[in-house]
Every structure is written in structure tokens, then in C-alpha cells.
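Worksheet: one structure, shown below.
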Amino acid sequence: MTLEFRDILLRQDDFALTADLTVLPGRHAVIGASGSGKSTLLALVAGFLAPTRGRLIWDDRDITDLTPGQRPVSILFQNHNLFPHLTVKQNVGMGLRPDLRLDRAQQAQVAQVLDQVGLSGTEDRRPAALSGGQQSRVALARVLLRARPLLLLDEPFAALGPALKSEMLALLAQVASDTTVLMVTHDPADARAFAPDTLLVEDGAVHAPCPTGPLLDNPPPGLRAYLG
Amino acid sequence: MVVIAAAAAFLLAPLISVAATGLPRLTALPPEVWDAALRSIAMAVISALMAAGASLALALTIARGGARWVEGAGMLPLIASPLVLGTGLFILLRGAVTPQQMALPVTALINAAMALPFGLRALIPAARALEQDYGQLAASLDLRGWARLRLLVLPRLARPLGFGAGLAAALAMGDLGVITLFAGDRPTLPLMLYQLMNGYRMADAAACALLLMALSLGMFWLFERGGRRDA
């Protein structure tokens with residue numbers, strides 16, 4: 001199952017993103033300077049932004065015109081991944097049915113997945129009553145239940161601090177083992193640890209994936225300046 | 001300090017005199033006053049619901065980047081008095097229904113419209129924040145339609161909605177502009193009060209005024225409180 005960007009151009013005011021590449025299954029980092037278009041790329045795949053030109057193909061199916069909810073995609077944002085007025089159970093249950101009319105089997109699934117991420121006993125709490133790391137786990141539990149083959153991460157763990165962040169990435173690698181992941185990151189160490197391949201985004205141009213290690217060991221001039 | 005004291009006295013002196021005169025008569029009020037009170041309550045509730053529904057629809061349209069004129073339309077009631085709107089509706093509907101039939105629906109409708117600009121003031125920023133913070137999350141989870149309204153919009157906007165509804169209820173409760181145009185044998189509480197005063201039944205009028213004040217306050221409190229219940 002591959003994700004193909006076919007001759008894509010996305011214009012937004014005076015910014016333009018171009019992408020013409022194929023992403024193979026596996027975990028990928030998305031690296032580039034601020035404003036280079038990393039988040040725009042994710043918004044394009046998630047369906048929040050429509051391309052001006054070109055097609056987006058998933059598994060030989062054209063998904064360019066699908067709404068965000070219809071796409072084979074889950075996404076974790078930097079902030080606002082949970083609804084603060086809903087309980088943990090409800091937030092996670094939305095991964096199965098957005099209207100939350102869950103049957104018995106589905107409720108059992110919710111309990112099971114919460115157990116899997118180590119959150120048993122928090123079902124009826126609101127997100128505000130949880131720690132940052134626990135909130136991330138709730139969002140991960142929902143991703144697990146949705147079971148979409150493509151996962152987009154827009155630096156969801158950036159606020160967690162190094163130890164918790166790598167814990168989350170490890171948990172993610174474990175639970176999303178056969179998911180294709182695109183992970184925006186500012187941290188080369190995260191890319192090395194989590195993503196065998198990296199998509200470099202430079203001034204609105206998305207480059208084809210290349211192996212993360214060699215790319216970071218011997219970065220092209222633009223990336224070198226960014227990494228410092 | 002002096003200004004605040006003067007303002008308080010300006011408000012409190014008449015209220016206290018109404019309460020002092022009215023309180024003893026409250027239990028002796030004739031049944032038609034209580035009928036009028038029930039009529040007023042029903043009308044105020046309907047007005048509150050209409051205001052909440054209309055302001056919600058407007059605010060969500062505006063928050064999604066809807067046309068500029070929508071916001072203008074919501075503010076329009078500021079420049080038209082209830083009496084002017086009532087006169088317009090009176091002329092429009094004259095041939096179709098009798099003034100009697102119009103009285104309560106039109107009063108409820110116009111007061112809902114009057115509350116709209118104030119309700120929108122609170123609701124538009126909240127609706128914008130809602131779209132900004134949770135619009136993409138909802139879209140990515142395919143949370144749409146009634147489920148979105150029930151699980152996202154109503155819980156997050158309950159506070160400003162309750163405030164707007166309470167305002168509409170209090171306005172409708174105290175309205176004596178529109179209702180006089182259509183006055184009939186089924187008066188609301190303020191019209192009842194007016195009729196009692198005209199009949200020089202001052203103690204009954206004071207009791208009626210006290211009742212009106214308590215009900216207006218109570219209605220506003222209930223709606224506003226309802227919006228805070230959960231948040």
C-alpha cells in the first residue's frame with residue numbers, strides 16, 4: 001500500500017507546495033525549516049487543504065476528493081487532540097463511531113485498547129484530569145481503534161519533554177507496526193530513532209524519501225543550515 | 001463611590017417601594033394575573049429557544065467564514081425598536097390572522113430578535129474558537145451533522161447560548177411594546193400590570209410588578225445557569 005503524490009501543486013496566498021513522489025509502507029520523518037511546508041503537506045494528505053493541481057493516490061485509489069473523515073488517515077495535531085468536555089472513554093470511542101452509539105462489543109474494544117496503552121481506570125475522567133503523557137496515550141488509543149492504514153503526526157509529543165516523548169514514540173512504534181506513518185519533527189534524534197526514511201521539505205518542495213541516517217549524516221546545504 | 005451609591009439608590013428605591021407595597025398582596029392576586037404570568041412564562045421560554053436557535057445558526061455560519069452580511073443581519077435589531085418591528089409585522093399579517101392570534105407569537109419572535117445582537121456578541125467569538133481549535137479534529141474523525149451538534153457544538157457553546165437565551169427570556173418577559181399593539185383579552189404579565197395601574201389598583205399593581213421582576217430574574221438565572229452546569 002503506497003501513497004502517491006502525482007504532480008501536486010498547492011497554492012496558498014503567496015506560498016506554493018509541490019510534491020511528486022511515492023511513499024512506501026513504513027515510518028517516515030518529515031523534516032524541514034519552519035515555513036517550508038511540512039504542516040501544509042500533512043494538511044494536504046489529511047484533506048484539510050485541496051491541491052490546486054495533481055492527484056493524491058492511496059493504494060491505487062484516488063483520494064484527492066474525499067473529505068478528511070472518509071480518508072484512510074488518522075492524524076495527531078500539536079494541540080487539541082482531545083475534546084475537553086468529553087470523558088476519556090468518549091474521546092476514544094469516537095475512533096469507532098463519531099456519534100458514540102457504541103454497542104457492547106465496541107465498548108469492550110474501548111476498554112481493551114485503554115488497557116493496552118496503560119490507562120485502565122481513567123475511563124470516566126476528563127482530559128484535564130490527566131497528565132500530558134496520559135492525554136497523549138488517550139489520543140494514541142483512539143488512533144489504535146480507528147485502525148487507519150495511514151498515520152500523520154504533526155509534532156504531537158513536542159510539549160512532553162524528551163523522556164516522555166521517546167516513551168510515546170516507542171509505544172507508537174509498537175502499536176502502529178503495520179501503519180504507514182508521516183511524522184513531522186524538528187528533532188533529528190527523533191527522526192533517527194523512529195523513522196528509517198525521511199522526506200525533506202525545502203521552500204515548498206517535497207523531496208522523495210531517502211534513508212534517514214545518511215541524509216542526516218551528510219545533509220544537503222539547506223538542511224545543514226537548518227540543523228546547524 | 002458617590003456615583004455608585006446614587007445609581008444604586010436610583011434602582012433600589014423604586015424596587016424596595018414596589019416590594020413593600022406588593023409583597024402583602026402577592027397571595028391575594030386575582031387568578032387572571034396568574035394566568036397572565038403563565039402566558040408570559042410560556043412566551044419567554046419560546047422566545048429564549050428561538051433566540052438560541054437563531055443565534056447559533058448565525059454564529060456557526062459566521063465562524064465558518066460565511067458572508068459578511070450575515071453578521072450585519074444579526075446586529076440589525078439594534079437599530080429597530082420592538083415597536084417598529086411590531087408595527088411592520090402588524091401591517092404585514094393584518095389580512096391573514098387576527099391581532100389576537102398574532103399577539104403571543106409575534107411578541108416572542110420580536111423579543112428573540114431583540115436579544116440576538118447581545119447573544120451574538122458572546123457567541124461569535126466562542127464559535128470561532130470552536131472552529132479554530134476543534135474543527136479539524138472533528139473533520140478528521142468524521143464527526144458531522146447531529147452528532148457534531150450534540151457532542152461538540154452544544155457542549156462547547158452552552159455558556160454563551162444560555163446567556164443569550166436568558167436575555168431573550170427576560171426581554172420577552174418584560175415586553176410592553178409589541179404586546180400593546182395586539183392587546184386582547186389574553187394579556188401578558190406586563191400588560192396586566194398596566195391594566196391594573198389604569199384601574200388605580202396600586203397594591204395589586206405593585207404585587208404584579210414584584211411577580212414580574214421575580215419571574216424575569218428567575219428565567220434569566222435558569223437559562224444562564226443551565227449553560228454553566230457542565231463547564
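Each chain in the C-alpha cells gets a letter, A, B, ..., in the order shown, and its residues are numbered from 1; ligands are numbered from 1 in order too.
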
Give the residues of chain A that lie within 12 Å of chain B; count only C-alpha atoms, and format the answer as a ChimeraX atom specification. /A:43,45-49,66-87,90-101,126,128,139,142-143,145-148,151-152

Distance query Leu15 (chain B) at most 12 Å, only C-alpha atoms, self and fewer than 5 positions along chain excluded, as a list in words: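 Listed by chain and then number, they are Ala8, Ala9, Phe10, Ala20, Thr21, Gly22, Leu23, Ala206, Ala207, Ala209, Leu210, Leu211, Leu212, Met213 and Ala214 of chain B.
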
For Gly88 (chain B), which residue out of B:Leu181, B:Ile46, B:Met202, B:Leu217 is the nearest one, using only C-alpha atoms?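 Of B:Leu181, B:Ile46, B:Met202, B:Leu217, the one nearest Gly88 (chain B) is B:Leu181, counting only C-alpha atoms.
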
Could you give me, as a list in words, the residues within 7 Å of Pro190 (chain B), counting only C-alpha atoms and dropping anything in the same chain fewer than 4 positions from it?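 Skipping anything fewer than 4 positions along the chain leaves Gly174, Asp175, Leu176 and Tyr194 of chain B.
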
Prev. selection, C-alpha atoms, output as a CSV table (one decimal), in the first residue's frame:
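Okay, this is what ended up in part31.csv:
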chain,number,residue,atom,x,y,z
B,174,GLY,CA,-40.9,42.3,30.4
B,175,ASP,CA,-42.1,43.3,26.9
B,176,LEU,CA,-44.7,46.1,26.8
B,194,TYR,CA,-50.5,48.2,33.0

What's around region 117-124 of chain B at 10 Å? Count only C-alpha atoms, leave out sequence neighbours fewer than 5 positions away in its own chain, and write the answer as a compact mmCIF listing (two decimals) with C-alpha atoms, in the first residue's frame.
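Listed below is the output, result.txt:
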# COMPACT_ATOMS: atom_id res chain seq x y z
CA ALA B 51 -33.09 33.29 20.13
CA ALA B 52 -30.75 30.41 20.96
CA ALA B 54 -31.20 31.65 15.51
CA SER B 55 -28.03 32.96 17.15
CA LEU B 56 -26.43 29.52 16.98
CA LEU B 58 -25.85 32.70 12.60
CA ALA B 59 -22.73 32.32 14.74
CA LEU B 60 -21.76 28.99 13.17
CA THR B 61 -22.18 30.46 9.67
CA ILE B 62 -20.07 33.47 10.60
CA ALA B 63 -17.41 31.33 12.29
CA GLU B 71 -23.10 39.40 10.85
CA GLY B 72 -24.78 42.65 9.86
CA ALA B 73 -28.16 40.95 9.76
CA GLY B 74 -27.62 39.72 13.31
CA MET B 75 -26.93 43.27 14.51
CA LEU B 76 -29.90 44.77 12.68
CA PRO B 77 -32.32 44.54 15.63
CA LEU B 78 -30.16 47.14 17.40
CA ALA B 112 -35.92 36.82 20.33
CA ALA B 129 -12.61 29.43 18.83
CA LEU B 130 -14.55 26.20 18.45
CA LEU B 157 -21.16 26.76 23.33
CA ALA B 158 -23.54 26.09 26.21
CA ARG B 159 -22.39 29.13 28.18
CA PRO B 160 -22.93 31.88 25.59
CA LEU B 161 -26.08 30.12 24.37
CA GLY B 162 -27.50 30.06 27.89
CA PHE B 163 -26.67 33.72 28.32
CA GLY B 164 -28.39 34.69 25.04
CA ALA B 165 -31.42 32.55 25.83
CA GLY B 166 -31.70 34.04 29.31
CA LEU B 167 -31.52 37.52 27.90
CA ALA B 168 -34.25 36.78 25.36

Contact residues around Ser136 (chain A) with only C-alpha atoms at 9 Å, ignoring same-chain residues under 4 positions, as a list in words: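 Near Ser136 (chain A), the qualifying residues are Asn81, Leu82, Ser131, Gly132, Leu140, Ala141, Pro156, Phe157, Leu160 and Met168 of chain A.
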
Run DSSP on the backbone and tell me which residues of region 24-114 of chain B come out as helix (DSSP H, G or I); list them as an MDAnalysis selection string. chainID B and resid 24:28 31:63 68:78 82:93 99:114

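Distance annotation: of A:Lys165, A:Thr179, A:Lys89, A:Pro196, the residue with the minimal separation from Cys210 (chain A) is A:Pro196; atom set is only C-alpha atoms.
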
Long-range neighbours of Arg53 (chain A) as a ChimeraX atom specification, 8 Å cut-off, only C-alpha atoms, 5 positions minimum in chain: /A:7-10

For Gly32 (chain A), please output as an MDAnalysis selection string all residues within 7 Å (counting only C-alpha atoms; exclusion window: fewer than 3 positions along the same chain). chainID A and resid 36 38 200:202 223

Convert the current residue selection to file output with N, CA and C atoms, as a short mmCIF file (atom, residue, chain, number, x, y, z; two decimals), in the first residue's frame.
data_model
loop_
_atom_site.label_atom_id
_atom_site.label_comp_id
_atom_site.auth_asym_id
_atom_site.auth_seq_id
_atom_site.Cartn_x
_atom_site.Cartn_y
_atom_site.Cartn_z
N SER A 36 8.60 25.85 5.71
CA SER A 36 8.96 25.19 4.46
C SER A 36 7.77 24.44 3.86
N LYS A 38 5.90 21.78 5.89
CA LYS A 38 5.67 20.46 6.49
C LYS A 38 4.22 20.26 6.90
N LEU A 200 12.37 15.24 2.98
CA LEU A 200 12.88 16.58 3.21
C LEU A 200 11.99 17.58 2.49
N VAL A 201 11.57 18.63 3.22
CA VAL A 201 10.76 19.68 2.60
C VAL A 201 11.57 20.97 2.61
N GLU A 202 11.80 21.51 1.41
CA GLU A 202 12.61 22.73 1.28
C GLU A 202 11.86 23.76 0.46
N LEU A 223 19.44 21.92 4.40
CA LEU A 223 19.17 21.19 5.64
C LEU A 223 20.29 21.41 6.64
#

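Reported to one decimal place, the separation of CA of Ala113 (chain B) from CA of Pro14 (chain B) is 29.2 Å.
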
CA of Gly133 (chain A) sits from CA of Gln174 (chain A) at a separation of 16.5 Å

When DSSP works through the backbone of this structure, what residues of region 3-224 of chain A end up as strand (DSSP E or B), shown as a count of residues only? 56

Any idea what the distance is between CA of Gly86 (chain B) and CA of Ala172 (chain B)? 13.1 Å
